[in-house]
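Asker: Encoded as structure tokens, here's the structure I'll be asking about.
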Amino acid sequence: MSSESPPARKTRSKPALAPLIDEPPPLPTTLRVLDWILIASFLELTFLLGVFPLKDTDFWWHLRTGDWIRQHHTVPTTDLYTFTVSDHPWVDLHWGFQVVLSWGYAYGGVVALNLAKCVITCFAILLVITAKKRDWPVWVMLLGWMPALLVLSGRMYVRPETFTLLYLCADLAVLFRWDKHPRLAFLLPIVQVAWVNSQGLFVLGPILIGFALVSAIFRPGAFAPSRTRWWRTVGIATLLTGAACLLNPYGLKGALYPLQLLQTMGNPIFSKSIAELTPIPEFIKRNVGWNNLPLCLHLLTIILGALSFVIPILWSVVARTSSSIPQSDPQLDPPARGSSKKDTSKSKRKTAKRTKEAEELPQGRVRDWSMTLFRFLLFAAFCRLSWQATRNSHQFAAVVGTITAWNFAEWAAAISRRRPRIEGESLAPFILPRLATLGCIAVVFAIVASGRLYAWAGEDRRIGLGEEPLWFPHEAVKFAGKPGMPNRFLSFHDGYAALYDYYHGAERTPGLERKVFVDARLEVIGPDLYERYLNLQSEMGGMKESSSWPAQLDQIGRPVVLAGHATNAMIGANMMTTPHWRCVWFDSIVGVFVHDANAEIVRANQVDFAARHFRPASATIPQGIDAFVASAKAIWAYAGVLQAHQRSDLARPMILLGLDYARRIQQADPDSLTGWKLIGQIEAAREPAVEPSNRVQRYRLPFDPVFDLSAVRATYALRRAHLAAPNDFLTLLLLSQQYQDRRMNEAAAPLHERLIGLRPINLNQAETQAKSANELAQLREQLGQEISSAWENLSELDRIVASMLATGRAGGAADLLERAYPSESRPWEVTDRIATLRLHLGEAEQARVLWQKASAPPRPAIRSARVAVSYLVEGLFDEARRHYQDALRDEADLFEAHYGLAVLEEDAGRAIESLRHARQAAEHAPNEVAKAAAQVIVTETLPFAEL
């Protein structure tokens with residue numbers, strides 16, 4: 001029996017020809033054309049959703065294995081790539097996909113493979129949306145499919161699961177038709193042979209067939225004599241499909257591989273640490289609730305699928321209790337108009353078959369929607385599968401999208417069959433829903449093409465066909481395997497090991513065996529080794545003073561260590577502070593480290609960040625704004641860890657280089673969030689973080705460039721970033737920290753309020769908001785009651801201002817002083833005090849105007865130096881330099897001017913000028929702290945100032 005057709009009933013009487021839905025009249029040409037336009041548009045949307053750059057790191061070990069198979073004309077049976085489990089058995093059922101991948105890459109590269117992925121996906125979708133009854137409306141099917149398509153697009157990668165999608169849809173299309181055309185079942189073994197040699201999920205094929213057979217068994221009349229031939233045909237095909245699972249290079253071991261895969265993927269060590277194996281409940285917990293577009297689309301697909309059962313069932317109950325059923329020819333759309341004689345003849349030739357089938361129906365019965373066990377079993381099973389791991393969303397979307405489309409389309413057809421036929425009826429009621437569906441597809445197409453869908457989803461995805469820029473560290477990995485480097489490799493994250501596999505693994509270089517600690521083949525490395533890898537990663541990324549990880553690296557042969565900046569910058573920074581380990585490569589994506597026992601490699605390649613700043617070489621300069629952004633973010637992450645280790649000697653050269661990159665970004669787009677935020681982030685890391693117990697209200701004291709310059713520069717940059725994007729989470733956090741470090745409570749409190757009001761996108765942000773709420777409560781307590789700004793004499797004014805400043809109301813005090821003292825008669829001391837407050841608040845331009853308009857300053861050089869610092873804070877080096885020089889013309893030994901110029905010229909990469917002014921600043925320093933600060937600059941610039 002079919003998994004799709006209603007149950008047949010044999011009756012003793014032979015009624016007149018009853019209405020049938022199996023052979024409804026053909027649609028008018030206009031509607032057929034519109035339906036094909038709809039299908040074409042839906043496939044265009046599907047294609048577009050797959051047009052994004054390659055980001056999947058597994059691609060590279062699959063590619064290398066495909067190359068190896070083509071080279072050796074056999075499949076691997078033991079592990080080729082790791083030095084930890086090199087003799088471990090490896091059942092590589094992906095080999096068919098890998099050979100195709102290798103061939104495609106050789107002739108068309110990544111672009112051709114990406115296009116092929118899109119074509120295969122479109123063909124798979126075409127198979128299931130054309131698996132339908134003639135009177136099922138296409139537009140209903142496509143609308144039912146839409147949420148599932150968006151879910152499916154999330155994993156449209158160049159991976160073996162793309163082939164699984166094709167085979168899954170092929171099986172669904174065959175099972176839909178095998179009742180009327182049982183011989184189609186012999187396509188299932190052919191599909192299964194291809195599937196078992198492409199991916200371990202081939203087990204889904206027999207599961208689908210099993211569900212279909214169970215559904216057929218439980219239908220009335222399933223074993224009637226007229227169905228004997230059908231059962232014999234599908235039974236043989238089913239047995240052949242089961243036998244096809246053995247037709248793989250590993251035989252029975254390969255056929256049982258899904259059991260091994262299930263055991264591996266079900267291990268908690270994997271599900272807790274690998275995003276794609278995370279169960280949805282855990283995913284919701286980590287992402288703080290339901291505020292995630294991919295998750296919402298996933299749940300919408302489940303809900304819509306459930307409704308596709310519930311709504312038709314309720315409708316059927318109501319419909320079958322109606323008092324009358326129209327006796328009309330079955331139709332969803334108007335009958336064919338202007339039918340040819342050929343059509344009439346064809347219809348007559350089918351009369352005998354239609355009459356025989358009609359005898360099996362009760363007289364006058366119109367078929368309604370009925371519950372299908374096959375569809376229900378599939379829906380329940382694949383929803384459960386998707387709930388267990390987010391990586392299963394691909395197969396889930398394909399199956400549930402198809403079931404939803406079938407259910408709603410069948411329901412729509414049943415509704416239409418109850419609709420009375422009207423001769424000469426207009427096509428308009430049938431055209432409008434098609435046009436509306438076309439409009440819906442067009443809107444989604446525009447949303448995807450504009451990038452808005454990916455922005456709403458929080459995905460870093462773009463339209464493109466090549467590799468994702470700054471994603472794969474090709475050059476770094478090539479360097480890590482060059483002659484003279486250790487032949488063992490350890491990477492964080494493990495995806496980079498796949499790239500090493502590609503370039504150096506499986507004896508790529510004859511006689512030189514280079515292998516990795518672990519890679520992403522979880523079924524090979526197993527949970528124990530993976531847990532060891534995670535523990536090592538945790539130790540290397542921790543802040544403990546004593547750790548065993550250097551000894552562990554010694555035990556495994558002192559491998560090359562590659563650390564990705566995006567998620568493992570702490571590991572790289574910790575390695576910089578550890579004796580005997582040296583950074584020999586640092587680019588926009590990763591850092592590479594080796595033990596100093598590799599003396600020749602260290603001598604020739606150790607990274608000198610100060611040299612990159614003072615003497616930049618074209619080979620080390622990032623190419624493009626995106627590369628500058630990635631490099632600046634990495635340096636900020638490293639600098640923070642180095643400062644926490646109290647290694648300013650390592651942090652400061654990186655900070656100078658990071659500021660170079662951040663300024664390039666800001667100069668390319670003067671009002672951009674990214675440029676100003678990165679300047680603020682990196683400048684804030686120039687000095688060690690301030691402990692809460694050491695916070696000082698620096699804004700109450702005269703401006704001191706040694707203590708205040710970095711803080712006010714960071715504050716200004718972050719304030720500019722905040723103005724560009726008021727709801728940027730990180731900017732709010734960093735700017736509030738800058739104010740709190742100087743106990744500027746009034747300025748910090750609104751930032752905390754806004755931060756708390758944002759919707760968190762992950763657990764880390766939620767925890768940060770909870771901490772921010774506690775800090776806000778403390779700020780309000782410290783601010784206390786509002787302070788009246790009314791005063792009657794200068795003594796009372798001083799008391800109010802002092803009270804405001806003591807409670808952290810820097811802005812309120814500055815406003816009160818400006819109102820109290822007209823600019824024309826304002827004393828220099830008051831002007832300097834107000835301007836200093838403005839500078840600490842990040843209002844450099846307002847501070848400059850105040851200093852410039854001040855009348856009769858006691859020392860003109862001081863005014864010039866203060867105006868200069870306002871320009872320096874804004875990043876206007878030329879203007880700052882000019883005013884510092886003006887100050888030195890008035891006072892040649894002014895520390896503030898020499899120190900400011902030393903900082904400015906060091907930032908500008910002018911070592912000779914910086915050294916000269918740093919020496920002068922050290923000579924004229926007012927105290928030992930100032931002298932030490934100047935001497936630091938002397939030490940940093942001296943190697944690059946000497947000829």
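Please note that chains go A, B, ... in the order of the structure tokens, that every chain numbers its residues from 1, and that ligands are numbered from 1 in the order shown.
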Tell me, as a PyMOL selection string, which residues lie within 8 Å of A:Ser864, counting only C-alpha atoms; anything in the same chain fewer than 4 positions away does not count.
Answerer: chain A and resi 860+868+883-884+886-887
Asker: What parts of stretch 398-562 of chain A does DSSP call strand (DSSP E or B)? I'd like the answer as a PyMOL selection string.
Answerer: chain A and resi 467+488-492+509+512+515-516+560-562
Asker: Could you pull the residues within 12 Å of A:Pro726, counting only C-alpha atoms, minus those fewer than 2 positions along the same chain, as a PDB file with C-alpha atoms, in the first residue's frame?
Answerer:
```pdb
ATOM      1  CA  LEU A 673      31.729  52.855  15.089  1.00  0.00           C
ATOM      2  CA  LYS A 677      35.711  51.767  19.274  1.00  0.00           C
ATOM      3  CA  LEU A 718      34.697  55.429  23.149  1.00  0.00           C
ATOM      4  CA  ARG A 719      32.377  58.409  23.475  1.00  0.00           C
ATOM      5  CA  ARG A 720      32.632  58.938  19.706  1.00  0.00           C
ATOM      6  CA  ALA A 721      31.815  55.267  19.212  1.00  0.00           C
ATOM      7  CA  HIS A 722      28.857  55.599  21.578  1.00  0.00           C
ATOM      8  CA  LEU A 723      27.524  58.552  19.606  1.00  0.00           C
ATOM      9  CA  ALA A 724      27.822  56.485  16.409  1.00  0.00           C
ATOM     10  CA  ASP A 728      26.549  48.871  21.054  1.00  0.00           C
ATOM     11  CA  PHE A 729      27.016  46.522  23.986  1.00  0.00           C
ATOM     12  CA  LEU A 730      30.806  46.510  24.193  1.00  0.00           C
ATOM     13  CA  THR A 731      31.085  50.281  23.799  1.00  0.00           C
ATOM     14  CA  LEU A 732      28.650  50.862  26.637  1.00  0.00           C
ATOM     15  CA  LEU A 733      30.570  48.458  28.836  1.00  0.00           C
ATOM     16  CA  LEU A 735      32.942  53.549  28.350  1.00  0.00           C
ATOM     17  CA  PRO A 750      23.179  56.251  32.376  1.00  0.00           C
ATOM     18  CA  LEU A 751      25.480  53.904  30.463  1.00  0.00           C
ATOM     19  CA  ARG A 754      21.172  51.543  28.814  1.00  0.00           C
ATOM     20  CA  LEU A 755      23.339  48.432  29.006  1.00  0.00           C
ATOM     21  CA  GLY A 757      18.004  47.622  28.990  1.00  0.00           C
ATOM     22  CA  LEU A 758      19.512  45.813  25.990  1.00  0.00           C
TER      23      LEU A 758
END
```
Asker: Which stretch 239-277 of chain A residues have any atom within 9 Å of an atom of stretch 195-218 of chain A, and for each, what is the nearest pair of atoms with distance in Å to one decimal, counting only C-alpha atoms, rows sorted by chain and number, as a tab-separated table?
Answerer:
```
residue	atom	partner	partner_atom	distance
A:Thr241	CA	A:Pro206	CA	7.2
A:Gly242	CA	A:Pro206	CA	6.9
A:Ala244	CA	A:Val196	CA	7.9
A:Cys245	CA	A:Val196	CA	5.9
A:Leu246	CA	A:Val196	CA	8.2
A:Leu247	CA	A:Val196	CA	7.6
A:Asn248	CA	A:Asn197	CA	6.0
A:Pro249	CA	A:Asn197	CA	8.2
A:Gly254	CA	A:Val196	CA	8.1
A:Ala255	CA	A:Val196	CA	7.7
A:Tyr257	CA	A:Gly200	CA	6.7
A:Pro258	CA	A:Gly200	CA	5.7
A:Leu261	CA	A:Gly200	CA	7.5
```
Asker: Can you list, as number ranges by chain, every protein, DNA or RNA residue that comes within 9 Å of stretch 172-180 of chain A when you count only C-alpha atoms, leaving out same-chain residues fewer than 2 positions away?
Answerer: A: 1-5, 127-132, 167-170, 182-185, 187-188, 208-209, 212, 230, 234, 399, 402
Asker: Residues of stretch 39-82 of chain A within 12 Å of stretch 434-449 of chain A: nearest atom pair and distance (Å, one decimal) for each, counting only C-alpha atoms, sorted by chain and number, as a tab-separated table?
Answerer:
```
residue	atom	partner	partner_atom	distance
A:Ile39	CA	A:Leu438	CA	9.4
A:Ala40	CA	A:Leu438	CA	10.2
A:Ser41	CA	A:Ile441	CA	7.0
A:Phe42	CA	A:Ile441	CA	6.6
A:Leu43	CA	A:Ile441	CA	10.0
A:Glu44	CA	A:Phe445	CA	8.4
A:Leu45	CA	A:Phe445	CA	5.7
A:Thr46	CA	A:Phe445	CA	9.1
A:Phe47	CA	A:Phe445	CA	10.2
A:Leu48	CA	A:Ala449	CA	7.5
A:Leu49	CA	A:Val448	CA	7.1
A:Gly50	CA	A:Val448	CA	10.5
A:Val51	CA	A:Ala449	CA	9.8
A:Phe52	CA	A:Ala449	CA	10.7
```
Asker: When you look at A:Gln388 with a cut-off of 10 Å (counting only C-alpha atoms), what residues show up, excluding the ones that are within fewer than 4 positions of it in the same chain? I need them as an NGL selection string.
Answerer: :A and (266 or 271 or 277-282 or 382-384 or 392-393)
Asker: Quick one: residues within 12 Å of A:Pro483, only C-alpha atoms, excluding same-chain residues fewer than 5 positions away - as number ranges by chain?
Answerer: A: 478, 504, 509, 512-514, 598, 600-601
Asker: Check the DSSP output for the backbone and give back, as a ChimeraX atom specification, the residues of stretch 57-179 of chain A in helix (DSSP H, G or I).
Answerer: /A:58-72,95-129,138-153,160-177
Asker: Which stretch 142-201 of chain A residues have any atom within 8 Å of an atom of stretch 288-311 of chain A, and for each, what is the nearest pair of atoms with distance in Å to one decimal, counting only C-alpha atoms, rows sorted by chain and number, as JSON lines?
Answerer:
```
{"residue": "A:Gly144", "atom": "CA", "partner": "A:Leu304", "partner_atom": "CA", "distance": 7.7}
{"residue": "A:Pro147", "atom": "CA", "partner": "A:Thr301", "partner_atom": "CA", "distance": 5.7}
{"residue": "A:Ala148", "atom": "CA", "partner": "A:Thr301", "partner_atom": "CA", "distance": 5.6}
{"residue": "A:Leu150", "atom": "CA", "partner": "A:Leu297", "partner_atom": "CA", "distance": 7.3}
{"residue": "A:Val151", "atom": "CA", "partner": "A:His298", "partner_atom": "CA", "distance": 6.0}
{"residue": "A:Gly154", "atom": "CA", "partner": "A:Pro294", "partner_atom": "CA", "distance": 7.8}
```
Asker: Leaving out A:Ser86 and any residue of its chain fewer than 4 positions from it, which residues lie within 10 Å of it when counting only C-alpha atoms, given as JSON, numbers by chain?
Answerer: {"A": [78, 79, 80, 81, 82, 90, 515, 516, 517, 524, 525]}
Asker: Could you write those residues out with C-alpha atoms, as an mmCIF file, in the first residue's frame?
Answerer:
```cif
data_model
loop_
_atom_site.group_PDB
_atom_site.id
_atom_site.type_symbol
_atom_site.label_atom_id
_atom_site.label_comp_id
_atom_site.auth_asym_id
_atom_site.auth_seq_id
_atom_site.Cartn_x
_atom_site.Cartn_y
_atom_site.Cartn_z
ATOM 1 C CA THR A 78 43.558 3.666 9.677
ATOM 2 C CA ASP A 79 44.062 7.278 10.687
ATOM 3 C CA LEU A 80 46.331 9.290 8.396
ATOM 4 C CA TYR A 81 46.615 12.598 10.190
ATOM 5 C CA THR A 82 47.214 12.443 13.964
ATOM 6 C CA TRP A 90 39.136 4.842 10.447
ATOM 7 C CA LYS A 515 50.821 15.115 11.948
ATOM 8 C CA VAL A 516 48.424 16.891 14.277
ATOM 9 C CA PHE A 517 47.492 16.401 17.918
ATOM 10 C CA VAL A 524 38.534 8.981 15.124
ATOM 11 C CA ILE A 525 40.031 10.863 18.062
#
```
Asker: Which is closer to A:Tyr105 than all the others in A:Ala480, A:Ile125, A:Ala856, A:Leu63, using only C-alpha atoms?
Answerer: A:Leu63
Asker: When distances are computed from only C-alpha atoms, which of A:Trp387, A:Ser825, A:Ile800, A:Leu38 shows the smallest separation from A:Ile284?
Answerer: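 Ranked by minimum distance to A:Ile284, first place goes to A:Trp387.
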Asker: Kindly indicate which residue among A:Ala770, A:Phe895, A:Ile431, A:Ile655 lies nearest to A:Pro28, using only C-alpha atoms for the distances.
Answerer: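 Distance minimum relative to A:Pro28 lands on A:Ile431.
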Asker: Grab the atom CA of A:Val869 to atom CA of A:Ser914 distance for me, in Å with one decimal place.
Answerer: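 About the pair atom CA of A:Val869 and atom CA of A:Ser914: they are 15.8 Å apart.
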Asker: Kindly indicate which residue among A:Ala627, A:Met576, A:Leu678, A:Ile621 lies nearest to A:Ile589, using only C-alpha atoms for the distances.
Answerer: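 Looking at the shortest contact to A:Ile589, the residue is A:Ala627.
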Asker: Expressed in Å to a single decimal, how great is the separation between atom CA of A:Trp456 and atom CA of A:Ile761?
Answerer: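 Between atom CA of A:Trp456 and atom CA of A:Ile761 the gap works out to 11.6 Å.
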